[in-house]
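A.B. asks: Below is target_2.txt; it holds compact mmCIF, C-alpha atoms.
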# COMPACT_ATOMS: atom_id res chain seq x y z
CA MET A 706 95.36 120.17 87.96
CA ASN A 707 97.85 117.74 86.48
CA LYS A 708 101.13 116.64 87.89
CA THR A 709 103.74 114.23 86.60
CA ILE A 710 104.77 111.46 88.94
CA LEU A 711 107.54 108.92 88.65
CA PHE A 712 107.01 105.72 90.57
CA GLU A 713 107.57 102.01 90.49
CA ILE A 714 104.55 99.90 89.72
CA ASN A 715 104.90 96.13 90.07
CA GLY A 716 108.65 96.37 89.58
CA ARG A 717 108.62 98.75 86.61
CA GLN A 718 109.44 102.45 86.61
CA LYS A 719 106.59 104.49 85.24
CA GLU A 720 106.19 108.21 84.57
CA ILE A 721 102.60 109.35 84.23
CA GLN A 722 100.44 112.43 84.41
CA VAL A 723 97.86 112.35 87.19
CA ASP A 724 95.22 114.78 88.31
CA VAL A 725 95.94 115.82 91.90
CA ARG A 726 92.27 115.11 92.70
CA GLN A 727 92.61 111.46 91.74
CA SER A 728 93.06 108.66 94.24
CA LEU A 729 95.74 106.07 93.64
CA LEU A 730 92.88 103.59 93.21
CA GLU A 731 91.48 105.56 90.28
CA VAL A 732 94.85 105.96 88.59
CA LEU A 733 95.73 102.28 88.97
CA ARG A 734 92.39 101.11 87.61
CA GLU A 735 91.56 103.71 85.00
CA LYS A 736 94.95 104.82 83.75
CA LEU A 737 97.03 101.67 84.17
CA GLY A 738 94.28 99.06 83.76
CA LEU A 739 95.15 97.36 87.05
CA THR A 740 91.57 96.39 87.83
CA GLY A 741 92.62 93.85 90.45
CA VAL A 742 92.52 96.85 92.80
CA LYS A 743 88.87 96.95 93.84
CA GLN A 744 86.76 99.78 95.13
CA GLY A 745 84.62 98.62 98.02
CA CYS A 746 83.60 101.22 100.56
CA ALA A 747 85.83 104.05 99.21
CA VAL A 748 86.34 105.37 102.75
CA GLY A 749 89.11 103.13 104.10
CA GLU A 750 86.98 100.61 105.96
CA CYS A 751 86.96 97.46 103.83
CA GLY A 752 90.49 97.02 102.45
CA ALA A 753 89.36 95.85 98.98
CA CYS A 754 91.67 98.49 97.49
CA THR A 755 94.74 97.36 99.46
CA VAL A 756 98.04 97.84 97.62
CA LEU A 757 101.57 97.80 99.00
CA LEU A 758 103.41 101.13 99.32
CA ASP A 759 107.10 100.36 99.79
CA GLY A 760 106.02 96.94 101.07
CA GLU A 761 103.40 98.20 103.54
CA PRO A 762 99.67 97.82 102.97
CA ILE A 763 97.61 100.97 102.43
CA ASP A 764 94.10 101.72 101.21
CA ALA A 765 94.47 103.10 97.67
CA CYS A 766 91.02 104.72 97.89
CA LEU A 767 92.17 107.27 100.50
CA PHE A 768 95.62 107.85 99.05
CA LEU A 769 96.15 110.64 96.57
CA ALA A 770 97.89 109.39 93.44
CA VAL A 771 100.46 112.22 93.67
CA TRP A 772 101.65 110.72 96.96
CA ALA A 773 102.96 107.68 95.07
CA ASP A 774 105.63 109.89 93.48
CA GLY A 775 109.04 108.38 94.20
CA HIS A 776 107.61 105.26 95.84
CA SER A 777 107.07 101.65 94.92
CA ILE A 778 103.52 100.31 94.53
CA ARG A 779 102.57 96.66 94.26
CA THR A 780 99.20 95.33 93.17
CA VAL A 781 97.93 91.77 92.83
CA GLU A 782 98.75 91.86 89.10
CA GLY A 783 102.46 91.89 89.89
CA GLU A 784 102.49 88.95 92.28
CA SER A 785 102.67 86.01 89.87
CA ARG A 786 105.96 85.20 88.13
CA ASP A 787 106.11 83.64 84.64
CA GLY A 788 102.52 82.54 84.90
CA LYS A 789 103.08 80.97 88.31
CA LEU A 790 101.06 82.23 91.26
CA SER A 791 102.82 83.64 94.33
CA LYS A 792 102.90 81.49 97.46
CA VAL A 793 100.14 83.56 99.00
CA GLN A 794 97.95 83.36 95.91
CA GLN A 795 98.52 79.61 95.62
CA ALA A 796 97.62 79.11 99.28
CA PHE A 797 94.37 81.09 98.79
CA VAL A 798 93.47 78.74 95.91
CA GLU A 799 94.39 75.55 97.76
CA GLU A 800 92.61 76.47 100.97
CA GLY A 801 89.48 77.69 99.18
CA ALA A 802 89.91 81.16 100.71
CA VAL A 803 87.99 82.75 97.83
CA GLN A 804 84.28 82.95 97.33
CA CYS A 805 82.84 85.90 95.41
CA GLY A 806 86.35 87.24 94.97
CA ILE A 807 85.96 90.99 95.31
CA CYS A 808 87.91 91.20 98.57
CA THR A 809 90.53 88.69 97.42
CA PRO A 810 93.12 90.96 95.76
CA GLY A 811 93.13 93.20 98.85
CA PHE A 812 93.43 90.20 101.15
CA VAL A 813 96.24 88.75 99.05
CA MET A 814 98.21 92.01 99.28
CA ALA A 815 97.64 92.43 103.04
CA ALA A 816 98.65 88.78 103.51
CA THR A 817 101.72 89.24 101.32
CA ALA A 818 102.95 92.11 103.51
CA LEU A 819 102.35 90.01 106.63
CA VAL A 820 104.13 86.95 105.19
CA GLU A 821 107.10 88.98 103.96
CA LYS A 822 107.76 90.94 107.11
CA HIS A 823 107.07 88.64 110.04
CA GLY A 824 110.14 87.89 112.13
CA ASP A 825 111.56 84.58 113.30
CA ALA A 826 108.52 83.66 115.33
CA PRO A 827 105.71 82.97 112.86
CA PRO A 828 102.47 84.75 113.76
CA ASP A 829 99.72 82.58 115.27
CA ARG A 830 96.12 82.67 114.08
CA HIS A 831 95.28 85.56 116.39
CA GLN A 832 98.22 87.60 115.14
CA ILE A 833 97.26 86.79 111.55
CA ARG A 834 93.77 88.09 112.28
CA LEU A 835 95.27 91.31 113.66
CA GLY A 836 97.40 91.65 110.52
CA MET A 837 94.35 91.15 108.31
CA ALA A 838 92.05 93.33 110.44
CA GLY A 839 91.84 96.03 107.77
CA ASN A 840 90.18 93.73 105.24
CA LEU A 841 86.53 92.70 105.25
CA CYS A 842 85.16 89.56 103.61
CA ARG A 843 81.39 89.02 103.58
CA CYS A 844 81.47 85.45 102.21
CA THR A 845 84.04 83.16 103.74
CA GLY A 846 83.84 83.81 107.46
CA TYR A 847 87.62 84.32 107.42
CA GLU A 848 88.60 80.84 108.61
CA THR A 849 89.90 79.69 105.23
CA ILE A 850 91.65 83.02 104.71
CA VAL A 851 93.51 82.72 108.02
CA THR A 852 94.37 79.12 107.13
CA ALA A 853 95.70 80.25 103.74
CA VAL A 854 97.94 82.84 105.40
CA GLU A 855 99.19 80.21 107.86
CA LYS A 856 99.98 77.96 104.91
CA SER A 857 101.85 80.76 103.08
CA ILE A 858 104.00 81.31 106.14
CA ARG A 859 104.71 77.57 106.43
CA ASP A 860 105.54 77.33 102.72
CA LYS A 861 107.89 80.29 102.99
CA LYS A 862 109.67 78.66 105.93
CA GLU A 863 110.05 75.35 104.11
CA LYS A 864 111.42 77.09 101.06
CA SER A 865 114.02 79.01 103.05
CA ARG A 866 115.27 75.83 104.69
CA MET B 953 87.93 111.94 91.67
CA PHE B 954 87.85 113.95 94.88
CA ASP B 955 86.08 117.28 94.74
CA ILE B 956 89.12 119.43 95.52
CA GLU B 957 89.08 123.12 94.59
CA SER B 958 92.82 123.70 94.67
CA TYR B 959 95.92 121.87 95.77
CA VAL B 960 99.38 123.02 96.75
CA ARG B 961 102.21 120.98 98.14
CA ALA B 962 104.39 122.20 101.04
CA ASP B 963 107.86 120.78 101.52
CA SER B 964 108.49 122.31 104.93
CA VAL B 965 106.62 123.62 107.95
CA ARG B 966 107.69 127.17 107.18
CA GLN B 967 106.37 126.89 103.64
CA ALA B 968 103.12 125.34 104.82
CA ILE B 969 102.55 128.24 107.24
CA ALA B 970 103.18 130.77 104.45
CA LEU B 971 100.79 128.92 102.14
CA LEU B 972 98.09 128.85 104.81
CA LYS B 973 98.56 132.57 105.42
CA ASP B 974 98.03 133.37 101.74
CA ARG B 975 94.95 131.18 101.52
CA PRO B 976 92.26 131.98 104.07
CA GLU B 977 90.14 129.10 102.77
CA ALA B 978 92.84 126.47 102.88
CA ARG B 979 92.99 123.42 105.09
CA LEU B 980 95.86 121.08 105.79
CA ILE B 981 96.01 117.49 104.67
CA ALA B 982 98.56 115.01 106.07
CA GLY B 983 97.67 111.30 106.18
CA GLY B 984 94.38 112.02 104.44
CA THR B 985 92.32 109.42 106.28
CA ASP B 986 90.01 112.01 107.84
CA VAL B 987 90.10 114.83 105.30
CA LEU B 988 89.52 112.65 102.24
CA VAL B 989 86.68 110.75 103.91
CA LYS B 990 85.01 114.10 104.66
CA VAL B 991 85.55 115.28 101.09
CA ARG B 992 84.08 112.02 99.78
CA SER B 993 80.99 112.36 101.96
CA GLY B 994 80.51 116.05 101.19
CA LYS B 995 81.04 117.09 104.83
CA VAL B 996 83.90 119.16 103.53
CA GLU B 997 83.03 120.76 100.21
CA ALA B 998 85.64 121.44 97.55
CA PRO B 999 88.51 122.30 99.89
CA CYS B 1000 91.66 124.20 99.02
CA LEU B 1001 94.32 121.85 100.28
CA VAL B 1002 97.79 122.57 101.59
CA ASP B 1003 99.49 119.19 101.52
CA ILE B 1004 101.99 118.31 104.27
CA HIS B 1005 101.93 114.59 103.50
CA ASP B 1006 105.39 113.12 104.15
CA VAL B 1007 107.02 116.44 105.16
CA ALA B 1008 110.24 114.98 106.55
CA GLU B 1009 110.74 117.40 109.44
CA LEU B 1010 107.39 116.33 110.96
CA ASN B 1011 108.25 112.64 110.99
CA PHE B 1012 110.36 111.74 114.03
CA ILE B 1013 110.45 110.12 117.44
CA ARG B 1014 113.20 111.64 119.59
CA VAL B 1015 114.47 111.18 123.11
CA ALA B 1016 116.25 114.21 124.56
CA ASP B 1017 119.24 113.81 126.91
CA ASN B 1018 116.99 114.49 129.89
CA GLY B 1019 114.56 111.77 128.76
CA ASP B 1020 111.84 114.01 127.29
CA LEU B 1021 110.09 112.22 124.43
CA ALA B 1022 109.10 114.15 121.33
CA ILE B 1023 106.89 112.77 118.58
CA GLY B 1024 106.60 114.57 115.24
CA SER B 1025 103.01 115.29 114.27
CA GLY B 1026 103.51 113.57 110.90
CA THR B 1027 104.49 110.28 112.53
CA ARG B 1028 102.27 107.45 111.34
CA PHE B 1029 100.53 105.19 113.83
CA SER B 1030 102.33 102.12 112.51
CA ALA B 1031 105.69 103.81 113.12
CA LEU B 1032 104.62 104.80 116.64
CA ALA B 1033 103.38 101.30 117.45
CA ALA B 1034 106.63 99.79 116.19
CA SER B 1035 108.89 102.26 118.04
CA PRO B 1036 111.01 100.51 120.70
CA VAL B 1037 111.31 103.77 122.66
CA ILE B 1038 107.55 104.25 122.84
CA LEU B 1039 106.98 100.61 123.70
CA GLU B 1040 109.56 100.75 126.48
CA GLN B 1041 108.81 104.16 128.00
CA ILE B 1042 105.11 104.79 127.36
CA PRO B 1043 103.58 101.45 126.31
CA VAL B 1044 100.13 102.85 127.11
CA LEU B 1045 100.42 104.86 123.89
CA SER B 1046 101.46 101.82 121.82
CA THR B 1047 98.47 99.90 123.16
CA ALA B 1048 96.09 102.73 122.29
CA VAL B 1049 97.53 103.29 118.84
CA LEU B 1050 97.12 99.61 117.92
CA THR B 1051 93.36 99.87 118.49
CA ILE B 1052 93.06 102.43 115.69
CA GLY B 1053 91.53 101.23 112.41
CA GLY B 1054 93.51 98.42 110.84
CA PRO B 1055 97.05 98.00 109.48
CA GLN B 1056 96.31 99.93 106.28
CA LEU B 1057 94.94 102.97 108.10
CA ARG B 1058 97.77 102.91 110.63
CA ASN B 1059 100.21 103.01 107.71
CA MET B 1060 98.54 106.17 106.47
CA ALA B 1061 97.10 108.12 109.40
CA THR B 1062 99.28 110.45 111.48
CA ILE B 1063 99.13 111.21 115.19
CA GLY B 1064 98.96 114.94 114.50
CA GLY B 1065 95.99 114.42 112.22
CA ASN B 1066 94.23 112.34 114.86
CA LEU B 1067 94.57 115.17 117.40
CA CYS B 1068 93.83 118.06 115.02
CA ASN B 1069 90.70 116.35 113.72
CA GLY B 1070 89.44 117.07 117.23
CA VAL B 1071 86.84 114.34 117.61
CA PRO B 1072 86.05 113.09 121.14
CA SER B 1073 86.73 109.50 120.06
CA ALA B 1074 90.36 110.09 118.95
CA ASP B 1075 92.07 107.00 120.38
CA SER B 1076 95.47 108.65 120.80
CA ALA B 1077 94.02 111.57 122.79
CA SER B 1078 93.17 109.94 126.14
CA PRO B 1079 96.57 108.26 126.71
CA LEU B 1080 98.38 111.46 125.70
CA ILE B 1081 96.21 113.55 128.02
CA ALA B 1082 96.93 111.09 130.83
CA LEU B 1083 100.63 111.51 130.06
CA ASN B 1084 100.29 115.31 130.35
CA ALA B 1085 101.45 115.70 126.75
CA LEU B 1086 102.53 119.15 125.57
CA LEU B 1087 101.93 120.31 122.02
CA THR B 1088 104.33 122.40 119.99
CA ILE B 1089 102.44 124.64 117.62
CA GLU B 1090 104.12 126.77 114.97
CA GLY B 1091 102.53 129.63 113.13
CA GLY B 1092 103.07 132.96 111.44
CA THR B 1093 103.74 134.65 114.76
CA GLY B 1094 106.15 132.05 116.07
CA ARG B 1095 106.11 128.97 118.22
CA ARG B 1096 104.04 128.19 121.30
CA GLU B 1097 103.42 125.29 123.63
CA LEU B 1098 100.05 124.14 124.86
CA PRO B 1099 98.95 121.28 127.12
CA LEU B 1100 97.04 118.79 124.98
CA GLU B 1101 94.13 118.96 127.41
CA ASP B 1102 93.58 122.63 126.49
CA PHE B 1103 93.79 121.90 122.76
CA PHE B 1104 90.31 120.40 122.49
CA VAL B 1105 87.72 123.18 122.61
CA GLY B 1106 84.65 121.41 121.21
CA PRO B 1107 83.61 118.49 119.03
CA GLY B 1108 85.78 118.78 115.92
CA ARG B 1109 87.30 122.05 117.14
CA VAL B 1110 90.84 122.59 118.37
CA ALA B 1111 92.81 125.61 119.55
CA LEU B 1112 94.68 126.17 116.33
CA ALA B 1113 94.73 129.45 114.41
CA HIS B 1114 94.38 129.31 110.65
CA ASP B 1115 98.08 129.66 109.95
CA GLU B 1116 99.21 127.37 112.75
CA ILE B 1117 100.48 123.80 112.49
CA LEU B 1118 100.84 121.23 115.23
CA THR B 1119 104.43 120.09 114.80
CA ALA B 1120 105.27 117.93 117.81
CA ILE B 1121 103.87 116.21 120.86
CA THR B 1122 106.19 116.12 123.87
CA ILE B 1123 105.98 113.93 126.95
CA LYS B 1124 108.31 115.29 129.62
CA HIS B 1125 110.39 112.70 131.42
CA ALA B 1126 108.90 113.61 134.80
CA GLN B 1127 105.47 112.72 133.41
CA TYR B 1128 106.31 109.10 132.62
CA GLU B 1129 109.39 108.09 134.64
CA GLY B 1130 108.23 106.06 137.60
CA TYR B 1131 104.73 105.85 136.16
CA ALA B 1132 102.89 103.06 134.42
CA GLY B 1133 99.62 103.04 132.59
CA HIS B 1134 96.90 101.13 130.86
CA PHE B 1135 94.44 101.75 128.04
CA HIS B 1136 91.23 100.06 127.00
CA LYS B 1137 88.96 100.79 124.10
CA TYR B 1138 85.40 99.58 124.29
CA ALA B 1139 83.92 99.15 120.83
CA MET B 1140 81.64 96.72 119.01
CA ARG B 1141 84.53 95.26 117.02
CA HIS B 1142 88.18 94.75 117.85
CA ALA B 1143 89.32 96.57 114.70
CA MET B 1144 88.03 99.10 112.19
CA ASP B 1145 85.70 100.62 114.74
CA ILE B 1146 85.19 103.89 116.55
CA ALA B 1147 85.39 103.81 120.33
CA THR B 1148 82.15 103.70 122.28
CA ILE B 1149 84.39 104.65 125.21
CA GLY B 1150 88.18 104.86 125.40
CA CYS B 1151 89.91 104.95 128.79
CA ALA B 1152 93.53 105.64 129.73
CA ALA B 1153 95.09 105.69 133.18
CA VAL B 1154 98.64 106.59 134.19
CA CYS B 1155 99.70 106.28 137.80
CA LYS B 1156 102.54 106.19 140.28
CA VAL B 1157 102.28 103.80 143.24
CA GLU B 1158 104.67 103.79 146.23
CA ASP B 1159 104.41 101.65 149.36
CA GLY B 1160 100.81 100.77 148.64
CA GLN B 1161 99.88 104.45 148.26
CA MET B 1162 98.51 106.03 145.11
CA ARG B 1163 101.00 108.89 144.71
CA ASP B 1164 99.55 110.25 141.51
CA LEU B 1165 96.69 109.19 139.24
CA ARG B 1166 95.82 110.61 135.86
CA LEU B 1167 92.65 109.29 134.28
CA ALA B 1168 91.32 110.30 130.86
CA PHE B 1169 88.43 109.25 128.65
CA GLY B 1170 87.53 109.49 124.99
CA THR B 1171 83.89 109.79 123.84
CA ALA B 1172 82.82 110.46 127.43
CA ALA B 1173 82.13 114.16 126.80
CA PRO B 1174 82.17 116.59 123.83
CA VAL B 1175 85.98 116.54 124.01
CA PRO B 1176 88.55 114.02 125.28
CA THR B 1177 88.35 114.45 129.03
CA ARG B 1178 90.61 114.35 132.05
CA CYS B 1179 88.95 113.22 135.31
CA ARG B 1180 90.32 115.75 137.82
CA LEU B 1181 87.87 115.09 140.60
CA THR B 1182 88.43 111.35 140.57
CA GLU B 1183 92.19 111.84 140.38
CA LYS B 1184 92.16 114.15 143.38
CA LYS B 1185 90.07 111.77 145.44
CA ALA B 1186 92.34 108.82 144.67
CA SER B 1187 95.69 110.55 145.10
CA ASP B 1188 97.55 109.77 148.32
CA CYS B 1189 95.00 107.10 149.23
CA SER B 1190 95.93 103.56 150.12
CA VAL B 1191 95.46 101.33 147.15
CA SER B 1192 92.51 99.07 147.88
CA ARG B 1193 89.33 97.63 146.42
CA ASP B 1194 87.40 100.38 148.18
CA MET B 1195 89.50 102.98 146.46
CA LEU B 1196 88.71 101.39 143.07
CA SER B 1197 85.00 101.30 143.90
CA GLU B 1198 85.13 104.95 144.83
CA ILE B 1199 86.84 105.76 141.52
CA ALA B 1200 84.06 103.95 139.66
CA GLU B 1201 81.50 106.03 141.54
CA THR B 1202 83.18 109.43 141.44
CA VAL B 1203 84.04 109.26 137.75
CA TRP B 1204 80.46 110.08 136.74
CA GLN B 1205 81.01 113.60 138.05
CA ASP B 1206 83.91 114.07 135.67
CA VAL B 1207 82.20 112.99 132.45
CA ASP B 1208 79.27 114.04 130.31
CA PRO B 1209 78.56 111.40 127.66
CA ARG B 1210 75.78 111.75 125.11
CA SER B 1211 73.37 109.36 123.51
CA SER B 1212 74.10 108.58 119.88
CA TRP B 1213 73.22 105.76 117.50
CA ARG B 1214 76.37 104.05 118.75
CA ALA B 1215 75.37 103.90 122.41
CA ALA B 1216 72.89 105.44 124.82
CA LYS B 1217 74.11 107.78 127.54
CA ASP B 1218 73.21 105.35 130.34
CA PHE B 1219 75.11 102.56 128.64
CA ARG B 1220 78.15 104.79 128.21
CA LEU B 1221 78.03 105.75 131.90
CA GLN B 1222 77.96 102.07 132.80
CA ILE B 1223 81.02 101.40 130.63
CA ILE B 1224 82.80 104.47 132.01
CA SER B 1225 82.43 103.22 135.59
CA THR B 1226 83.50 99.70 134.71
CA LEU B 1227 86.48 100.85 132.67
CA ALA B 1228 87.61 103.39 135.28
CA GLU B 1229 87.89 100.62 137.83
CA ARG B 1230 89.41 98.02 135.51
CA VAL B 1231 91.87 100.29 133.74
CA VAL B 1232 93.10 101.92 136.95
CA ARG B 1233 93.45 98.47 138.54
CA GLN B 1234 95.61 97.28 135.63
CA ALA B 1235 97.63 100.52 135.68
CA ILE B 1236 98.31 99.94 139.40
CA LEU B 1237 99.48 96.39 138.68
CA ASN B 1238 101.64 97.65 135.80
CA ALA B 1239 103.14 100.21 138.18
CA GLY B 1240 104.24 97.39 140.47
CA GLY B 1241 101.45 97.85 142.98
CA SER B 1242 98.88 95.36 144.17
CA VAL B 1243 95.24 95.66 145.10
CA PRO B 1244 94.64 94.09 148.49
Can you dump the structure from the file as structure tokens?
C.D. replies:
Amino acid sequence: MNKTILFEINGRQKEIQVDVRQSLLEVLREKLGLTGVKQGCAVGECGACTVLLDGEPIDACLFLAVWADGHSIRTVEGESRDGKLSKVQQAFVEEGAVQCGICTPGFVMAATALVEKHGDAPPDRHQIRLGMAGNLCRCTGYETIVTAVEKSIRDKKEKSR
Amino acid sequence: MFDIESYVRADSVRQAIALLKDRPEARLIAGGTDVLVKVRSGKVEAPCLVDIHDVAELNFIRVADNGDLAIGSGTRFSALAASPVILEQIPVLSTAVLTIGGPQLRNMATIGGNLCNGVPSADSASPLIALNALLTIEGGTGRRELPLEDFFVGPGRVALAHDEILTAITIKHAQYEGYAGHFHKYAMRHAMDIATIGCAAVCKVEDGQMRDLRLAFGTAAPVPTRCRLTEKKASDCSVSRDMLSEIAETVWQDVDPRSSWRAAKDFRLQIISTLAERVVRQAILNAGGSVP
């Protein structure tokens, strides 16, 4: 049950054959080697497989790969530029928002969407928590993650000044 | 890989209906957040899927000249929650929708899927029932309208024939103009959780009188439930603390919760009473009333 899809992955156009039974998670990991996309629960509860679809976070585990046809997908692999981490990634490092690491790529992508799309009023810690509510972390207790997102938003503001 | 027997993509409602007609075994998939979870767990075995994901004609939020609001069944929860029209006219629905899953799921799941999945805990069901929402259903034999309340026939079962598709949810202007509402979901967590009890109230208050009350619950019975008896008792009464106490008492006659691993029946009844009083009180305040 193969189908050809044309989509943008981390800024590059790609045409590939996918099986209609495959999730986007499987295609990204197994076909494109983007193993930063993690499988956690596989039923849309943990957010470890979060990728951005046209800039919005989705769970790649519950998204058929054929649905990516004609859309843009971003994974954590595409976030650094010329060997330099993105603002969100850098903030996660500096704030120690990583422990075992399996939830981190998903958190980074959910945080990236939040940081990119918030309006003039920066979200407070509660709003950040709401924005990150689809991602579970069993190590950090979330405090450092929320702090890292706050820092990314501050850094973005300073840069745009 | 999902265990899917066959897959066919529909680009329009008409095509989807024809595909369903030809395939007696087929089931629809839209956002995928219910169907694919069931396939993964084996609850649904090797389905033949007719895919209406992203069918453009199902994705809309429209306001008619007379004020009637229509929501396409393929509208995602994130789009609904972000809609200025919904937020302004029926904020009770925005509130309810934002309690569903997390941002990722709301970017995937559709309102039509939430209703057609037919579970008593569907968070969009109780506010829409309280708003007297009307469903537009299209099928091989044409188009029909059905009050949402009559759509739920049992746990996981809805009044939809095999070749029928829920295409739109309409809230008539007379059902929301002059009304205000409130919604509360009681669950163990504030996100990524299924409601222990969901409660929605929509009301109209004039000169300290309850002109009209519509109260609905999720997970309080085998299907999302409207509380007719309580509504009748409260309508045309003076708004007061006594009235709220009476609502909290009467509401038990309207519901039939069960015990499950999530909560015991007695606990649910306790929450139902508490929420009935609190949610109606807030709806009254939102409607410009006060509770002396």
A.B. asks: Got a sec: who's within 10 Å of Ile833 of chain A, counting all atoms listed in the file, leaving out chain neighbours fewer than 6 positions off, as a list in words?
C.D. replies: Ala816, Leu819, Val820, Pro827, Ile850, Val851, Thr852, Val854 and Glu855 of chain A
A.B. asks: Considering all atoms listed in the file, give me a table of residues in chain B that are at most 12 Å from chain A, with the closest atom pair and distance in Å for each, as CSV.
C.D. replies:
residue,atom,partner,partner_atom,distance
B:Met953,CA,A:Gln727,CA,4.7
B:Phe954,CA,A:Arg726,CA,5.1
B:Asp955,CA,A:Arg726,CA,6.9
B:Ile956,CA,A:Arg726,CA,6.0
B:Glu957,CA,A:Arg726,CA,8.8
B:Ser958,CA,A:Met706,CA,8.0
B:Tyr959,CA,A:Val725,CA,7.2
B:Val960,CA,A:Val725,CA,9.3
B:Arg961,CA,A:Val771,CA,10.0
B:Ile981,CA,A:Leu769,CA,10.6
B:Ala982,CA,A:Phe768,CA,10.4
B:Gly983,CA,A:Phe768,CA,8.2
B:Gly984,CA,A:Leu767,CA,6.6
B:Thr985,CA,A:Leu767,CA,6.2
B:Asp986,CA,A:Leu767,CA,9.0
B:Val987,CA,A:Leu767,CA,9.2
B:Leu988,CA,A:Leu767,CA,6.2
B:Val989,CA,A:Val748,CA,5.5
B:Lys990,CA,A:Val748,CA,9.0
B:Val991,CA,A:Val748,CA,10.1
B:Arg992,CA,A:Val748,CA,7.6
B:Ser993,CA,A:Val748,CA,8.8
B:Ala998,CA,A:Arg726,CA,10.4
B:Pro999,CA,A:Arg726,CA,10.8
B:Cys1000,CA,A:Arg726,CA,11.1
B:Leu1001,CA,A:Arg726,CA,10.3
B:Val1002,CA,A:Val725,CA,12.0
B:Asp1003,CA,A:Trp772,CA,9.9
B:Ile1004,CA,A:Trp772,CA,10.5
B:His1005,CA,A:Trp772,CA,7.6
B:Asp1006,CA,A:Trp772,CA,8.5
B:Val1007,CA,A:Trp772,CA,11.3
B:Arg1028,CA,A:Ile763,CA,12.0
B:Ser1030,CA,A:Glu761,CA,9.8
B:Ala1031,CA,A:Glu761,CA,11.3
B:Leu1050,CA,A:Leu835,CA,9.5
B:Thr1051,CA,A:Leu835,CA,10.0
B:Ile1052,CA,A:Gly839,CA,10.3
B:Gly1053,CA,A:Gly839,CA,7.0
B:Gly1054,CA,A:Gly839,CA,4.2
B:Pro1055,CA,A:Gly839,CA,5.8
B:Gln1056,CA,A:Ile763,CA,4.2
B:Leu1057,CA,A:Ile763,CA,6.6
B:Arg1058,CA,A:Ile763,CA,8.4
B:Asn1059,CA,A:Ile763,CA,6.2
B:Met1060,CA,A:Ile763,CA,6.7
B:Ala1061,CA,A:Ile763,CA,10.0
B:Arg1141,CA,A:Ala838,CA,10.2
B:His1142,CA,A:Ala838,CA,8.5
B:Ala1143,CA,A:Ala838,CA,6.0
B:Met1144,CA,A:Glu750,CA,6.5
B:Asp1145,CA,A:Glu750,CA,8.9
B:Ile1146,CA,A:Glu750,CA,11.2
A.B. asks: One decimal, in Å: what's the spacing between atom CA of Gly1094 of chain B and atom CA of Leu1067 of chain B?
C.D. replies: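 Distance reported for this atom pair: 20.5 Å.
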A.B. asks: Tell me, as a PDB file with C-alpha atoms, keeping the file's coordinate frame, which residues lie within 7 Å of Gln1127 of chain B, counting all atoms listed in the file; anything in the same chain fewer than 3 positions away does not count.
C.D. replies:
ATOM      1  CA  LEU B1083     100.630 111.510 130.060  1.00  0.00           C
ATOM      2  CA  ASN B1084     100.290 115.310 130.350  1.00  0.00           C
ATOM      3  CA  ILE B1123     105.980 113.930 126.950  1.00  0.00           C
ATOM      4  CA  LYS B1124     108.310 115.290 129.620  1.00  0.00           C
TER       5      LYS B1124
END
A.B. asks: Ala1022 of chain B: which residues within 8 Å, counting only C-alpha atoms, same-chain residues fewer than 4 positions away excluded, as a PyMOL selection string?
C.D. replies: chain B and resi 1012-1016+1120-1123
A.B. asks: Could you tell me how far atom CA of Lys822 of chain A sits from atom CA of Ile858 of chain A, in Å to one decimal place?
C.D. replies: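 Here the two named atoms are 10.4 Å from each other.
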A.B. asks: Just the residues within 10 Å of Thr1088 of chain B, please, counting all atoms listed in the file, with nothing from its chain fewer than 3 positions along; format it as a PyMOL selection string.
C.D. replies: chain B and resi 1022+1024-1025+1085+1095-1100+1117-1122
A.B. asks: Of the residues B:Gly1106, B:Gly1065, B:Gly1133, B:Pro1244, which is the one nearest to Val1231 of chain B, using all atoms listed in the file?
C.D. replies: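 Checking each of B:Gly1106, B:Gly1065, B:Gly1133, B:Pro1244 against Val1231 of chain B, counting all atoms listed in the file, the winner is B:Gly1133.
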A.B. asks: For atom CA of Leu790 of chain A and atom CA of Val813 of chain A, quote the distance in Å rounded to one decimal.
C.D. replies: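 Pair atom CA of Leu790 of chain A / atom CA of Val813 of chain A returns 11.2 Å.
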A.B. asks: The centre and edge lengths of an axis-aligned box containing all atoms of segment 710-722 of chain A present in the file, extended by 8 Å on each side, are to be given in Å to one decimal, as JSON.
C.D. replies:
{"center_x": 104.9, "center_y": 104.3, "center_z": 87.4, "size_x": 25.0, "size_y": 32.3, "size_z": 22.3}
A.B. asks: Out of A:Ile778, A:Gln795, A:Tyr847, A:Ser857, which residue has the shortest atom-to-atom distance to His831 of chain A when counting all atoms listed in the file?
C.D. replies: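 Closest residue, counting all atoms listed in the file: A:Tyr847.
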A.B. asks: List the spatial neighbours of Ala1152 of chain B as a PyMOL selection string - criterion: any atom at most 10 Å away, only C-alpha atoms, same-chain residues fewer than 2 positions off excluded.
C.D. replies: chain B and resi 1044-1045+1048+1075-1083+1133-1137+1150+1154+1166-1170+1178+1227-1228+1231-1232+1235
A.B. asks: Which one is closest to Ala1172 of chain B: B:Ala1216, B:Val996, B:Val1191, B:Ala1186? Count all atoms listed in the file.
C.D. replies: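 Among the listed residues, the smallest separation from Ala1172 of chain B belongs to B:Ala1216.
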A.B. asks: Using all atoms listed in the file, which of the listed residues (B:Ser1046, B:Thr1177, B:Ser1187, B:Thr1148) sits closest to Glu1101 of chain B?
C.D. replies: B:Thr1177
